[in-house]
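Student: Dropping a structure here in structure tokens format, bear with me for questions.
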There are 2 protein chains.
Amino acid sequence: MSLLVTGSIGIDTVDAPSGKVVDTLGGSSVYFSYAASFFTPVRFVGVVGEDCPEAFLQPLHDNERIDMTGLEVREGSKTFRWHGRYHEDVNERDTIAVELNVLGEVGPAIPEAFRDSEVVFLANTHPDLQMEMLGQLSGPKLVVADTMDLWITTQRDSVDRLLKHVDGLVLNDSEARLLAGVPNVVAAGRQIARDVRGFVVVKKGEHGSLLFVNGKVCPLPSYPTDAVVDPTGAGDTFAGAMMGYLADLGRFEPADLRRAIAYGTVTASIELEDFSLRRLLVSRREDIDARFAEFQQLVAF
Amino acid sequence: MSLLVTGSIGIDTVDAPSGKVVDTLGGSSVYFSYAASFFTPVRFVGVVGEDCPEAFLQPLHDNERIDMTGLEVREGSKTFRWHGRYHEDVNERDTIAVELNVLGEVGPAIPEAFRDSEVVFLANTHPDLQMEMLGQLSGPKLVVADTMDLWITTQRDSVDRLLKHVDGLVLNDSEARLLAGVPNVVAAGRQIARDVRGFVVVKKGEHGSLLFVNGKVCPLPSYPTDAVVDPTGAGDTFAGAMMGYLADLGRFEPADLRRAIAYGTVTASIELEDFSLRRLLVSRREDIDARFAEFQQLVAF
């Protein structure tokens, strides 16, 4: 099935114990689409400002599985920028600076040729923009959204409206607790899952994830690694591989979701071994499959 | 194989969002032995002071699978006491008061009849006491120890000596990071595993565990539950079920360890549904097996 992603494109600066990169390619739809492309073709929708160098998105243009028809370069606007600093324990980070820029404006139009997309991922952005995107589609079969604490805190009504229109929600554990207003993450996920048509995936970073579907809670650990260089984009990579697998399969039963999440887990574990897209750029589908098989062995009991 | 446990017996007071219990039965060897008894007979070694009411340990005396020959009631001494308070998020707790009392004295003697024990668990106590216990055994086949931050910080040389004499170490994630001196828990576990003859299990509470064995790292999530009443003793219950399973099986290959850890995980998830031993006291082996089977289904992909 055709897969569409809309989300952010960012000019990122990352400080990590292992080094620093300045003005590098980032953003939710960038990581998502690259990860998804290992599994299926991807239709990309996103917007940058006129300050964005043409070569900046070259890794996406060079990927023949990513259709960049939906990229808008908006005159008079500036590209989203994010600067984060990771602690010695890279599971913790501070946001040093964030400039919403073009992400604070109206969203990009979805090209006519993309409007029949069957599987859709609304990567993290303002929930009103996510709804606006969704409204341009003719009849998707699976719509999954990501969100973040900023929107849950400041745009709660919009988030609640969005939840009624998606089949799946992906969010991290602190966001799930914030959204549900309960400290236990299992209770939080169960509660959110009652508001969503299909399923909820709660991401716990190094601690794996929880899938809430059909009243069941399916836990999965992360792939254990000490080769973490830069976790930026790991969550979007997770979602990209998960959705890419599902779109390719064209079926979304609970067992399919579990397998999709395992693919998301191992693909994310590869992505975080270097800055930006660097590690994904030198990976092949076989590398992901090999890690998947190893992960399956390690977890089995 | 015969299973021996030595560790603490405590008079616990627990404040939790769900209620409070005062002067209730606790201690590492108490939780351990009760959990292990679902799988195999247990030889219990521990010491209380003369202040300990005779009925206090009745649940252990009533369990025909627990041999209490190794219980010492020491005249002139007082029983170990612990008072903890859990936060609204029960994964966090403060120790309100701790009185080492008899745990600060010489350890209990291991009865002659117990000295041929084949599988041994040295539950958390002073590492010199753990070594002293070990020295009384004639030739155990599997020795596993637990330890804690207090000993790592204040008795580092003793902990290091202990590590050289055990086949397995069980500790929690913050303790693993402290012991190894590195922030990444996978790197920490790998480093500690190089000092131990056999394996290391790093417990991550609600986030499951990591097994380090033969150069591999096997992650397992926790059983997802929102029915947490009191997590006190969950770690010792985990170890008890794990060791009870291994002693009953009499084999300690990596696949056996993974299965043992899964049994530890689900037994702990039952234990924390009520205060003290209450929930275990009304459980049967069939309940554990049913949850094990359910857990296996939820985790499989």
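Every chain in the structure tokens takes a letter, A first, then B, and so on in the order presented; its residues are numbered from 1, and the ligands are numbered from 1 following the presented order.
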Write out as a list in words each polymer residue whose atoms come within 7 Å of Ala123 in chain B, counting only C-alpha atoms; drop sequence neighbours fewer than 4 positions from it.
Tutor: Val5, Thr6, Gly7, Ser28, Ser29, Ala145 and Asp146 of chain B
Student: Provide as a PyMOL selection string the residues of chain A at most 9 Å from chain B, counting only C-alpha atoms.
Tutor: chain A and resi 88-91+182-188+204+207-210+216-228+255-262+295-301
Student: What is the distance between CA of Leu272 in chain A and CA of Ala176 in chain A, in Å to one decimal?
Tutor: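 Calculated distance between CA of Leu272 in chain A and CA of Ala176 in chain A is 23.0 Å.
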Student: Report as a PyMOL selection string all protein, DNA and RNA residues lying within 12 Å of Glu105 in chain A, evaluated on only C-alpha atoms, omitting residues in the same chain fewer than 6 positions from it.
Tutor: chain A and resi 47-49+74+76-80+125-126+128-129
Student: Taking N, CA, C and O atoms for each residue, export the selection above as a PDB file, in the first residue's frame.
Tutor:
ATOM      1  N   VAL A  47       8.054  21.043   4.360  1.00  0.00           N
ATOM      2  CA  VAL A  47       8.340  22.393   3.894  1.00  0.00           C
ATOM      3  C   VAL A  47       9.607  22.939   4.554  1.00  0.00           C
ATOM      4  O   VAL A  47       9.835  22.714   5.743  1.00  0.00           O
ATOM      5  N   VAL A  48      10.416  23.609   3.735  1.00  0.00           N
ATOM      6  CA  VAL A  48      11.589  24.320   4.250  1.00  0.00           C
ATOM      7  C   VAL A  48      11.479  25.786   3.828  1.00  0.00           C
ATOM      8  O   VAL A  48      10.644  26.145   2.987  1.00  0.00           O
ATOM      9  N   GLY A  49      12.334  26.624   4.398  1.00  0.00           N
ATOM     10  CA  GLY A  49      12.370  28.030   4.009  1.00  0.00           C
ATOM     11  C   GLY A  49      13.374  28.232   2.893  1.00  0.00           C
ATOM     12  O   GLY A  49      14.082  27.300   2.485  1.00  0.00           O
ATOM     13  N   ARG A  74       9.571  27.336   0.645  1.00  0.00           N
ATOM     14  CA  ARG A  74       8.708  28.514   0.762  1.00  0.00           C
ATOM     15  C   ARG A  74       9.520  29.810   0.799  1.00  0.00           C
ATOM     16  O   ARG A  74      10.336  30.016   1.703  1.00  0.00           O
ATOM     17  N   GLY A  76      10.457  33.547   1.507  1.00  0.00           N
ATOM     18  CA  GLY A  76      10.163  34.465   2.611  1.00  0.00           C
ATOM     19  C   GLY A  76      10.104  33.786   3.969  1.00  0.00           C
ATOM     20  O   GLY A  76       9.908  34.439   4.992  1.00  0.00           O
ATOM     21  N   SER A  77      10.249  32.454   3.975  1.00  0.00           N
ATOM     22  CA  SER A  77      10.209  31.728   5.250  1.00  0.00           C
ATOM     23  C   SER A  77      11.581  31.152   5.587  1.00  0.00           C
ATOM     24  O   SER A  77      12.454  31.048   4.716  1.00  0.00           O
ATOM     25  N   LYS A  78      11.726  30.776   6.860  1.00  0.00           N
ATOM     26  CA  LYS A  78      12.979  30.156   7.295  1.00  0.00           C
ATOM     27  C   LYS A  78      12.718  28.724   7.763  1.00  0.00           C
ATOM     28  O   LYS A  78      11.644  28.410   8.282  1.00  0.00           O
ATOM     29  N   THR A  79      13.706  27.892   7.592  1.00  0.00           N
ATOM     30  CA  THR A  79      13.592  26.473   7.934  1.00  0.00           C
ATOM     31  C   THR A  79      13.592  26.277   9.459  1.00  0.00           C
ATOM     32  O   THR A  79      14.234  27.037  10.189  1.00  0.00           O
ATOM     33  N   PHE A  80      12.883  25.274   9.918  1.00  0.00           N
ATOM     34  CA  PHE A  80      12.872  24.862  11.328  1.00  0.00           C
ATOM     35  C   PHE A  80      14.295  24.538  11.784  1.00  0.00           C
ATOM     36  O   PHE A  80      15.041  23.874  11.070  1.00  0.00           O
ATOM     37  N   THR A 125       3.970  17.403  14.637  1.00  0.00           N
ATOM     38  CA  THR A 125       3.897  18.832  14.352  1.00  0.00           C
ATOM     39  C   THR A 125       2.620  19.343  15.022  1.00  0.00           C
ATOM     40  O   THR A 125       1.939  18.584  15.720  1.00  0.00           O
ATOM     41  N   HIS A 126       2.277  20.595  14.834  1.00  0.00           N
ATOM     42  CA  HIS A 126       1.074  21.158  15.459  1.00  0.00           C
ATOM     43  C   HIS A 126      -0.145  20.297  15.097  1.00  0.00           C
ATOM     44  O   HIS A 126      -0.364  19.989  13.924  1.00  0.00           O
ATOM     45  N   ASP A 128      -3.209  20.887  14.717  1.00  0.00           N
ATOM     46  CA  ASP A 128      -4.101  21.481  13.715  1.00  0.00           C
ATOM     47  C   ASP A 128      -3.555  21.261  12.301  1.00  0.00           C
ATOM     48  O   ASP A 128      -4.313  21.017  11.362  1.00  0.00           O
ATOM     49  N   LEU A 129      -2.243  21.334  12.183  1.00  0.00           N
ATOM     50  CA  LEU A 129      -1.609  21.057  10.881  1.00  0.00           C
ATOM     51  C   LEU A 129      -1.806  19.590  10.515  1.00  0.00           C
ATOM     52  O   LEU A 129      -2.068  19.253   9.353  1.00  0.00           O
TER      53      LEU A 129
END
Student: Out of B:Gly235, B:Pro111, B:Pro140, B:Gly215, which residue has the shortest atom-to-atom distance to Asp173 in chain B when counting only C-alpha atoms?
Tutor: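 The closest residue to Asp173 in chain B is B:Gly235.
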Student: Return as a PyMOL selection string the full set of residues in range 46-197 of chain A whose backbone-based DSSP assignment is helix (DSSP H, G or I).
Tutor: chain A and resi 54-61+101-104+112-114+127-135+149-154+156-163+173-180+185-193
Student: So that I can see what lies close to Val21 in chain A, please list as a ChimeraX atom specification the residues with an atom at most 12 Å from it, counting only C-alpha atoms and leaving out residues fewer than 3 positions away in the same chain.
Tutor: /A:11-18,24-26,82-85,229-230,232,274-278
Student: Those residues with N, CA and C atoms, as a PDB file, in the first residue's frame please?
Tutor:
ATOM      1  N   ILE A  11      17.001  21.849  10.446  1.00  0.00           N
ATOM      2  CA  ILE A  11      18.449  22.071  10.441  1.00  0.00           C
ATOM      3  C   ILE A  11      18.868  21.913  11.898  1.00  0.00           C
ATOM      4  N   ASP A  12      19.529  20.783  12.176  1.00  0.00           N
ATOM      5  CA  ASP A  12      19.826  20.398  13.563  1.00  0.00           C
ATOM      6  C   ASP A  12      21.262  20.674  13.955  1.00  0.00           C
ATOM      7  N   THR A  13      21.423  21.050  15.207  1.00  0.00           N
ATOM      8  CA  THR A  13      22.758  21.078  15.800  1.00  0.00           C
ATOM      9  C   THR A  13      22.705  20.195  17.038  1.00  0.00           C
ATOM     10  N   VAL A  14      23.634  19.260  17.112  1.00  0.00           N
ATOM     11  CA  VAL A  14      23.605  18.266  18.186  1.00  0.00           C
ATOM     12  C   VAL A  14      24.948  18.227  18.909  1.00  0.00           C
ATOM     13  N   ASP A  15      24.895  18.411  20.218  1.00  0.00           N
ATOM     14  CA  ASP A  15      26.067  18.205  21.078  1.00  0.00           C
ATOM     15  C   ASP A  15      25.868  16.882  21.790  1.00  0.00           C
ATOM     16  N   ALA A  16      26.826  15.997  21.671  1.00  0.00           N
ATOM     17  CA  ALA A  16      26.737  14.716  22.378  1.00  0.00           C
ATOM     18  C   ALA A  16      28.105  14.412  22.956  1.00  0.00           C
ATOM     19  N   PRO A  17      28.150  13.511  23.963  1.00  0.00           N
ATOM     20  CA  PRO A  17      29.461  13.189  24.541  1.00  0.00           C
ATOM     21  C   PRO A  17      30.445  12.705  23.464  1.00  0.00           C
ATOM     22  N   SER A  18      29.930  12.135  22.384  1.00  0.00           N
ATOM     23  CA  SER A  18      30.787  11.572  21.342  1.00  0.00           C
ATOM     24  C   SER A  18      31.175  12.584  20.272  1.00  0.00           C
ATOM     25  N   THR A  24      23.046  20.172  10.628  1.00  0.00           N
ATOM     26  CA  THR A  24      22.961  18.913   9.895  1.00  0.00           C
ATOM     27  C   THR A  24      21.497  18.590   9.604  1.00  0.00           C
ATOM     28  N   LEU A  25      21.279  17.667   8.673  1.00  0.00           N
ATOM     29  CA  LEU A  25      19.922  17.296   8.267  1.00  0.00           C
ATOM     30  C   LEU A  25      19.202  16.540   9.381  1.00  0.00           C
ATOM     31  N   GLY A  26      18.008  17.023   9.718  1.00  0.00           N
ATOM     32  CA  GLY A  26      17.190  16.353  10.719  1.00  0.00           C
ATOM     33  C   GLY A  26      15.720  16.613  10.454  1.00  0.00           C
ATOM     34  N   TRP A  82      16.690  23.241  15.245  1.00  0.00           N
ATOM     35  CA  TRP A  82      16.704  22.637  16.593  1.00  0.00           C
ATOM     36  C   TRP A  82      18.145  22.417  17.036  1.00  0.00           C
ATOM     37  N   HIS A  83      18.400  22.763  18.297  1.00  0.00           N
ATOM     38  CA  HIS A  83      19.733  22.536  18.861  1.00  0.00           C
ATOM     39  C   HIS A  83      19.560  21.797  20.193  1.00  0.00           C
ATOM     40  N   GLY A  84      20.086  20.578  20.252  1.00  0.00           N
ATOM     41  CA  GLY A  84      19.968  19.780  21.462  1.00  0.00           C
ATOM     42  C   GLY A  84      21.320  19.376  22.005  1.00  0.00           C
ATOM     43  N   ARG A  85      21.358  19.174  23.312  1.00  0.00           N
ATOM     44  CA  ARG A  85      22.607  18.727  23.937  1.00  0.00           C
ATOM     45  C   ARG A  85      22.324  17.496  24.793  1.00  0.00           C
ATOM     46  N   VAL A 229      25.646   6.852  19.645  1.00  0.00           N
ATOM     47  CA  VAL A 229      26.369   8.088  19.349  1.00  0.00           C
ATOM     48  C   VAL A 229      25.419   9.284  19.447  1.00  0.00           C
ATOM     49  N   ASP A 230      24.240   9.165  18.840  1.00  0.00           N
ATOM     50  CA  ASP A 230      23.294  10.291  18.805  1.00  0.00           C
ATOM     51  C   ASP A 230      21.868   9.756  18.661  1.00  0.00           C
ATOM     52  N   THR A 232      19.165  11.309  18.433  1.00  0.00           N
ATOM     53  CA  THR A 232      18.250  12.170  17.683  1.00  0.00           C
ATOM     54  C   THR A 232      17.668  11.390  16.494  1.00  0.00           C
ATOM     55  N   ASP A 274      25.223   6.744  14.749  1.00  0.00           N
ATOM     56  CA  ASP A 274      25.982   7.884  14.210  1.00  0.00           C
ATOM     57  C   ASP A 274      25.067   9.104  14.170  1.00  0.00           C
ATOM     58  N   PHE A 275      25.624  10.255  13.844  1.00  0.00           N
ATOM     59  CA  PHE A 275      24.850  11.493  13.772  1.00  0.00           C
ATOM     60  C   PHE A 275      23.970  11.506  12.517  1.00  0.00           C
ATOM     61  N   SER A 276      22.887  12.283  12.621  1.00  0.00           N
ATOM     62  CA  SER A 276      22.002  12.545  11.483  1.00  0.00           C
ATOM     63  C   SER A 276      21.644  11.231  10.769  1.00  0.00           C
ATOM     64  N   LEU A 277      21.616  11.240   9.445  1.00  0.00           N
ATOM     65  CA  LEU A 277      21.247  10.029   8.694  1.00  0.00           C
ATOM     66  C   LEU A 277      22.458   9.147   8.386  1.00  0.00           C
ATOM     67  N   ARG A 278      23.637   9.548   8.879  1.00  0.00           N
ATOM     68  CA  ARG A 278      24.887   8.901   8.430  1.00  0.00           C
ATOM     69  C   ARG A 278      24.845   7.382   8.444  1.00  0.00           C
TER      70      ARG A 278
END
Student: Using Å and a single decimal, report how far CA of Leu281 in chain A sits from CA of Glu54 in chain A.
Tutor: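 For CA of Glu54 in chain A relative to CA of Leu281 in chain A, the distance reads 18.5 Å.
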Student: Using only C-alpha atoms, which of A:Val170, A:Cys52, A:Ala193, A:Leu162 sits nearest Val144 in chain A?
Tutor: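 For Val144 in chain A, the nearest of the given residues is A:Val170.
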Student: What is the distance, in Å and to one decimal place, between CA of Leu163 in chain B and CA of Val200 in chain B?
Tutor: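 Value for the CA of Leu163 in chain B-CA of Val200 in chain B distance: 10.4 Å.
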Student: Which residue out of B:Thr154, B:Asn63, B:Ser269, B:Ser8 has the minimum interatomic distance to Asn101 in chain B when only C-alpha atoms are used?
Tutor: B:Ser8
